[in-house]
Amino acid sequence: MRKILCSIVILAFPFFILILSHLAYSQANLPADEIIRRSQAAFYYPGTDMKAKVLMKLVTKDGKERIRDLTMLRKNLDKEGGEQRYFIYFYKPPDVKDMTFMVWKYPGKDDDRWLFIPAINLVKRIAANDKRSSFVGSDFSYEDVSGRGAEEDNHSILKEEAFNGKDTYVIKSVPKDEGSVDYSYKVSWIDKESFIPLKEEYYDKRGELYKVFTADEVKEIQDFPTATKRTMKNVQSSHRTEVTFEEVGYNNGIGDEIFSERYLRNPPQKWIR
């Protein structure tokens with residue numbers, strides 16, 4: 001019996017080596033579009049839904065800070081890269097308390113975005129051409145919150161290199177519609193293992209470095225790599241926004257009905273607590 005098992009192992013071993021070699025080759029020869037697609041899936045689509053407490057710190061050039069506390073809800077309506085819904089509720093400071101923001105994300109076309117401003121009891125629709133505007137005074141744009149479609153840019157691999165101890169793909173992404181964004185191109189350092197973007201550099205229309213995004217801390221939460229600390233810095237103004245995700249949970253069973261204008265005005269207490 002022992003001889004038979006040894007024979008099976010010996011015969012099977014080359015096939016295992018072949019399979020592993022094929023996987024390694026496939027991983028090493030991924031096209032740029034596929035790398036970006038996987039990165040979008042890892043960063044924006046983990047789980048069927050997500051809930052998190054978020055601390056947003058806005059820091060000026062001279063070190064003055066403003067803090068925003070909020071809850072973020074996200075639900076996938078489709079497979080990776082498909083439709084999504086986002087709901088964000090602001091707790092503080094007082095000037096944004098009870099403000100809500102909602103996104104209906106669509107693949108291949110402009111997203112729908114709404115902002116409820118309680119001070120004037122107004123639901124404001126964010127126009128498609130405002131997607132690169134500042135999100136509530138931060139260095140992130142409205143588009144940064146829910147992500148940019150991979151198909152909106154032309155992607156190319158610049159090189160592969162180590163970044164903060166991780167092997168990464170360095171990808172250049174050039175918008176197909178130059179007039180739809182406030183930058184000329186973006187360079188991303190994407191972790192080869194998790195596909196989380198560890199760093200992104202945005203270059204303005206003159207080709208000068210404009211903003212830098214970094215994933216400062218990545219943790220495994222329910223088996224999903226999650227960037228729990230993130231920073232976006234405007235290197236031209238020296239203003240930055242630091243974001244910390246706390247109490248992150250996936251696959252919570254969030255209902256579709258939450259992502260409606262009704263709940264923009266009356267947020268569901270069960271989910272924003």
# chains A, B, ... in the order shown; residues from 1 in each chain; ligands from 1
call {"tool": "residues_around", "arguments": {"residues": "stretch 171-185 of chain A", "least_positions_apart": "3", "cutoff": "7 Å", "atoms": "only C-alpha atoms", "output": "list in words"}}
result
Ala32, Asn129, Arg132, Glu152, Asp153, Asn154, His155, Ser156, Ile157, Leu158, Ser188, Trp189, Tyr202, Tyr203, Asp204, Lys205 and Gly207 of chain A
call {"tool": "select_by_dssp", "arguments": {"residues": "stretch 9-216 of chain A", "states": "helix (DSSP H, G or I)", "output": "ChimeraX atom specification"}}
result
/A:9-28,32-44,118-120,128-130,142-146,150-152,178-180
call {"tool": "residues_around", "arguments": {"residues": "A:Asp144", "least_positions_apart": "5", "cutoff": "12 Å", "atoms": "only C-alpha atoms", "output": "number ranges by chain"}}
result
A: 40, 43-44, 103, 131-135, 138-139, 149, 181, 200, 213, 230-232
call {"tool": "residues_around", "arguments": {"residues": "stretch 219-225 of chain A", "least_positions_apart": "3", "cutoff": "8 Å", "atoms": "only C-alpha atoms", "output": "list in words"}}
result
Ala42, Pro46, Gly47, Ser194, Ile196, Thr228, Val248, Gly249 and Tyr250 of chain A
call {"tool": "residues_around", "arguments": {"residues": "A:Lys233", "least_positions_apart": "6", "cutoff": "12 Å", "atoms": "only C-alpha atoms", "output": "ChimeraX atom specification"}}
result
/A:57-61,138-141,199-202,209-215,239-243
call {"tool": "select_by_dssp", "arguments": {"residues": "stretch 135-231 of chain A", "states": "strand (DSSP E)", "output": "PyMOL selection string"}}
result
chain A and resi 153-163+166-175+185-191+197-203+209-221+224-231
call {"tool": "write_last_selection", "arguments": {"atoms": "C-alpha atoms", "output": "PDB file, in the first residue's frame"}}
result
ATOM      1  CA  ASP A 153      -8.915  54.925 -18.906  1.00  0.00           C
ATOM      2  CA  ASN A 154      -6.182  53.461 -21.078  1.00  0.00           C
ATOM      3  CA  HIS A 155      -3.806  51.451 -18.877  1.00  0.00           C
ATOM      4  CA  SER A 156      -0.196  50.404 -19.391  1.00  0.00           C
ATOM      5  CA  ILE A 157       2.407  48.677 -17.217  1.00  0.00           C
ATOM      6  CA  LEU A 158       5.395  50.944 -16.581  1.00  0.00           C
ATOM      7  CA  LYS A 159       7.410  48.499 -14.472  1.00  0.00           C
ATOM      8  CA  GLU A 160       7.321  46.136 -11.516  1.00  0.00           C
ATOM      9  CA  GLU A 161       9.060  47.093  -8.282  1.00  0.00           C
ATOM     10  CA  ALA A 162       9.016  46.763  -4.502  1.00  0.00           C
ATOM     11  CA  PHE A 163       7.077  49.388  -2.536  1.00  0.00           C
ATOM     12  CA  LYS A 166       5.511  44.605  -1.207  1.00  0.00           C
ATOM     13  CA  ASP A 167       5.980  43.495  -4.812  1.00  0.00           C
ATOM     14  CA  THR A 168       3.895  45.809  -6.976  1.00  0.00           C
ATOM     15  CA  TYR A 169       2.769  46.502 -10.509  1.00  0.00           C
ATOM     16  CA  VAL A 170       3.297  50.137 -11.496  1.00  0.00           C
ATOM     17  CA  ILE A 171       0.459  51.113 -13.836  1.00  0.00           C
ATOM     18  CA  LYS A 172      -0.110  54.328 -15.785  1.00  0.00           C
ATOM     19  CA  SER A 173      -3.761  55.221 -16.420  1.00  0.00           C
ATOM     20  CA  VAL A 174      -4.668  57.919 -18.951  1.00  0.00           C
ATOM     21  CA  PRO A 175      -8.312  59.112 -19.100  1.00  0.00           C
ATOM     22  CA  TYR A 185      -2.831  60.772 -15.899  1.00  0.00           C
ATOM     23  CA  LYS A 186      -2.407  58.623 -12.809  1.00  0.00           C
ATOM     24  CA  VAL A 187       0.357  56.212 -11.753  1.00  0.00           C
ATOM     25  CA  SER A 188      -0.600  53.391  -9.359  1.00  0.00           C
ATOM     26  CA  TRP A 189       1.481  50.969  -7.276  1.00  0.00           C
ATOM     27  CA  ILE A 190      -0.685  47.846  -6.953  1.00  0.00           C
ATOM     28  CA  ASP A 191       0.171  45.015  -4.563  1.00  0.00           C
ATOM     29  CA  PRO A 197      -3.505  50.094  -4.574  1.00  0.00           C
ATOM     30  CA  LEU A 198      -0.759  51.056  -2.126  1.00  0.00           C
ATOM     31  CA  LYS A 199      -0.011  54.400  -3.746  1.00  0.00           C
ATOM     32  CA  GLU A 200      -1.445  56.569  -6.517  1.00  0.00           C
ATOM     33  CA  GLU A 201       0.070  59.700  -8.027  1.00  0.00           C
ATOM     34  CA  TYR A 202      -2.119  62.155  -9.936  1.00  0.00           C
ATOM     35  CA  TYR A 203      -0.511  64.539 -12.432  1.00  0.00           C
ATOM     36  CA  LEU A 209       2.522  66.009  -9.582  1.00  0.00           C
ATOM     37  CA  TYR A 210      -0.795  67.137  -8.134  1.00  0.00           C
ATOM     38  CA  LYS A 211      -2.138  64.674  -5.550  1.00  0.00           C
ATOM     39  CA  VAL A 212      -0.822  61.518  -3.876  1.00  0.00           C
ATOM     40  CA  PHE A 213      -2.943  58.751  -2.377  1.00  0.00           C
ATOM     41  CA  THR A 214      -1.434  56.183   0.008  1.00  0.00           C
ATOM     42  CA  ALA A 215      -2.889  53.132   1.738  1.00  0.00           C
ATOM     43  CA  ASP A 216      -1.092  53.579   5.054  1.00  0.00           C
ATOM     44  CA  GLU A 217      -2.453  50.458   6.755  1.00  0.00           C
ATOM     45  CA  VAL A 218      -3.920  47.307   5.214  1.00  0.00           C
ATOM     46  CA  LYS A 219      -5.580  44.667   7.411  1.00  0.00           C
ATOM     47  CA  GLU A 220      -7.279  41.344   6.738  1.00  0.00           C
ATOM     48  CA  ILE A 221     -10.919  41.697   7.816  1.00  0.00           C
ATOM     49  CA  PHE A 224     -10.715  40.623   2.776  1.00  0.00           C
ATOM     50  CA  PRO A 225      -7.608  42.875   2.526  1.00  0.00           C
ATOM     51  CA  THR A 226      -8.872  46.289   3.674  1.00  0.00           C
ATOM     52  CA  ALA A 227      -7.113  49.654   3.569  1.00  0.00           C
ATOM     53  CA  THR A 228      -8.066  50.827   7.070  1.00  0.00           C
ATOM     54  CA  LYS A 229      -5.904  53.964   6.951  1.00  0.00           C
ATOM     55  CA  ARG A 230      -5.691  56.120   3.841  1.00  0.00           C
ATOM     56  CA  THR A 231      -4.294  59.537   2.986  1.00  0.00           C
TER      57      THR A 231
END
call {"tool": "closest_residue", "arguments": {"among": "A:Ser238, A:Gly165, A:Lys79, A:Asp112", "to": "A:Lys64", "atoms": "only C-alpha atoms"}}
result
A:Ser238
call {"tool": "atom_distance", "arguments": {"atom1": "atom CA of A:Pro94", "atom2": "atom CA of A:Val136"}}
result
13.3 Å
call {"tool": "residues_around", "arguments": {"residues": "A:Lys124", "least_positions_apart": "4", "cutoff": "10 Å", "atoms": "only C-alpha atoms", "output": "PyMOL selection string"}}
result
chain A and resi 101+113-117
call {"tool": "write_last_selection", "arguments": {"atoms": "C-alpha atoms", "output": "compact mmCIF listing (two decimals), in the first residue's frame"}}
result
# COMPACT_ATOMS: atom_id res chain seq x y z
CA PHE A 101 -24.58 61.35 0.64
CA ARG A 113 -25.03 61.07 -6.75
CA TRP A 114 -27.17 62.93 -4.23
CA LEU A 115 -26.29 65.08 -1.21
CA PHE A 116 -28.84 65.95 1.48
CA ILE A 117 -28.15 69.28 3.20
call {"tool": "atom_distance", "arguments": {"atom1": "atom CA of A:Pro268", "atom2": "atom CA of A:Ala127"}}
result
25.6 Å
call {"tool": "decode", "arguments": {"residues": "stretch 103-122 of chain A", "atoms": "N, CA and C atoms", "output": "compact mmCIF listing (two decimals), in the first residue's frame"}}
result
# COMPACT_ATOMS: atom_id res chain seq x y z
N VAL A 103 -24.75 57.31 -3.50
CA VAL A 103 -24.27 57.05 -4.86
C VAL A 103 -24.95 55.80 -5.40
N TRP A 104 -25.44 55.89 -6.63
CA TRP A 104 -25.84 54.72 -7.40
C TRP A 104 -24.79 54.57 -8.49
N LYS A 105 -23.99 53.57 -8.36
CA LYS A 105 -22.86 53.38 -9.28
C LYS A 105 -23.23 52.40 -10.39
N TYR A 106 -22.95 52.84 -11.63
CA TYR A 106 -23.26 52.02 -12.80
C TYR A 106 -22.00 51.75 -13.62
N PRO A 107 -21.82 50.54 -14.12
CA PRO A 107 -20.69 50.28 -15.01
C PRO A 107 -20.97 50.84 -16.40
N GLY A 108 -19.99 51.53 -16.95
CA GLY A 108 -20.11 52.00 -18.33
C GLY A 108 -20.87 53.28 -18.54
N LYS A 109 -21.37 53.92 -17.46
CA LYS A 109 -22.04 55.21 -17.63
C LYS A 109 -21.90 56.01 -16.34
N ASP A 110 -22.31 57.29 -16.40
CA ASP A 110 -22.15 58.17 -15.25
C ASP A 110 -22.96 57.68 -14.05
N ASP A 111 -22.36 57.79 -12.87
CA ASP A 111 -23.06 57.43 -11.64
C ASP A 111 -24.07 58.51 -11.28
N ASP A 112 -25.05 58.15 -10.48
CA ASP A 112 -25.97 59.13 -9.89
C ASP A 112 -25.52 59.39 -8.47
N ARG A 113 -25.47 60.68 -8.09
CA ARG A 113 -25.03 61.07 -6.75
C ARG A 113 -25.96 62.13 -6.19
N TRP A 114 -26.30 61.97 -4.91
CA TRP A 114 -27.17 62.93 -4.23
C TRP A 114 -26.55 63.32 -2.88
N LEU A 115 -26.76 64.57 -2.50
CA LEU A 115 -26.29 65.08 -1.21
C LEU A 115 -27.47 65.75 -0.51
N PHE A 116 -27.79 65.30 0.71
CA PHE A 116 -28.84 65.95 1.48
C PHE A 116 -28.22 66.94 2.44
N ILE A 117 -28.66 68.21 2.35
CA ILE A 117 -28.15 69.28 3.20
C ILE A 117 -29.24 69.65 4.19
N PRO A 118 -29.15 69.19 5.44
CA PRO A 118 -30.25 69.39 6.40
C PRO A 118 -30.51 70.84 6.77
N ALA A 119 -29.48 71.68 6.73
CA ALA A 119 -29.65 73.09 7.13
C ALA A 119 -30.70 73.80 6.28
N ILE A 120 -30.82 73.38 5.02
CA ILE A 120 -31.81 74.00 4.12
C ILE A 120 -32.82 72.96 3.62
N ASN A 121 -32.78 71.77 4.24
CA ASN A 121 -33.71 70.69 3.89
C ASN A 121 -33.76 70.45 2.38
N LEU A 122 -32.58 70.30 1.79
CA LEU A 122 -32.48 70.17 0.33
C LEU A 122 -31.71 68.92 -0.07
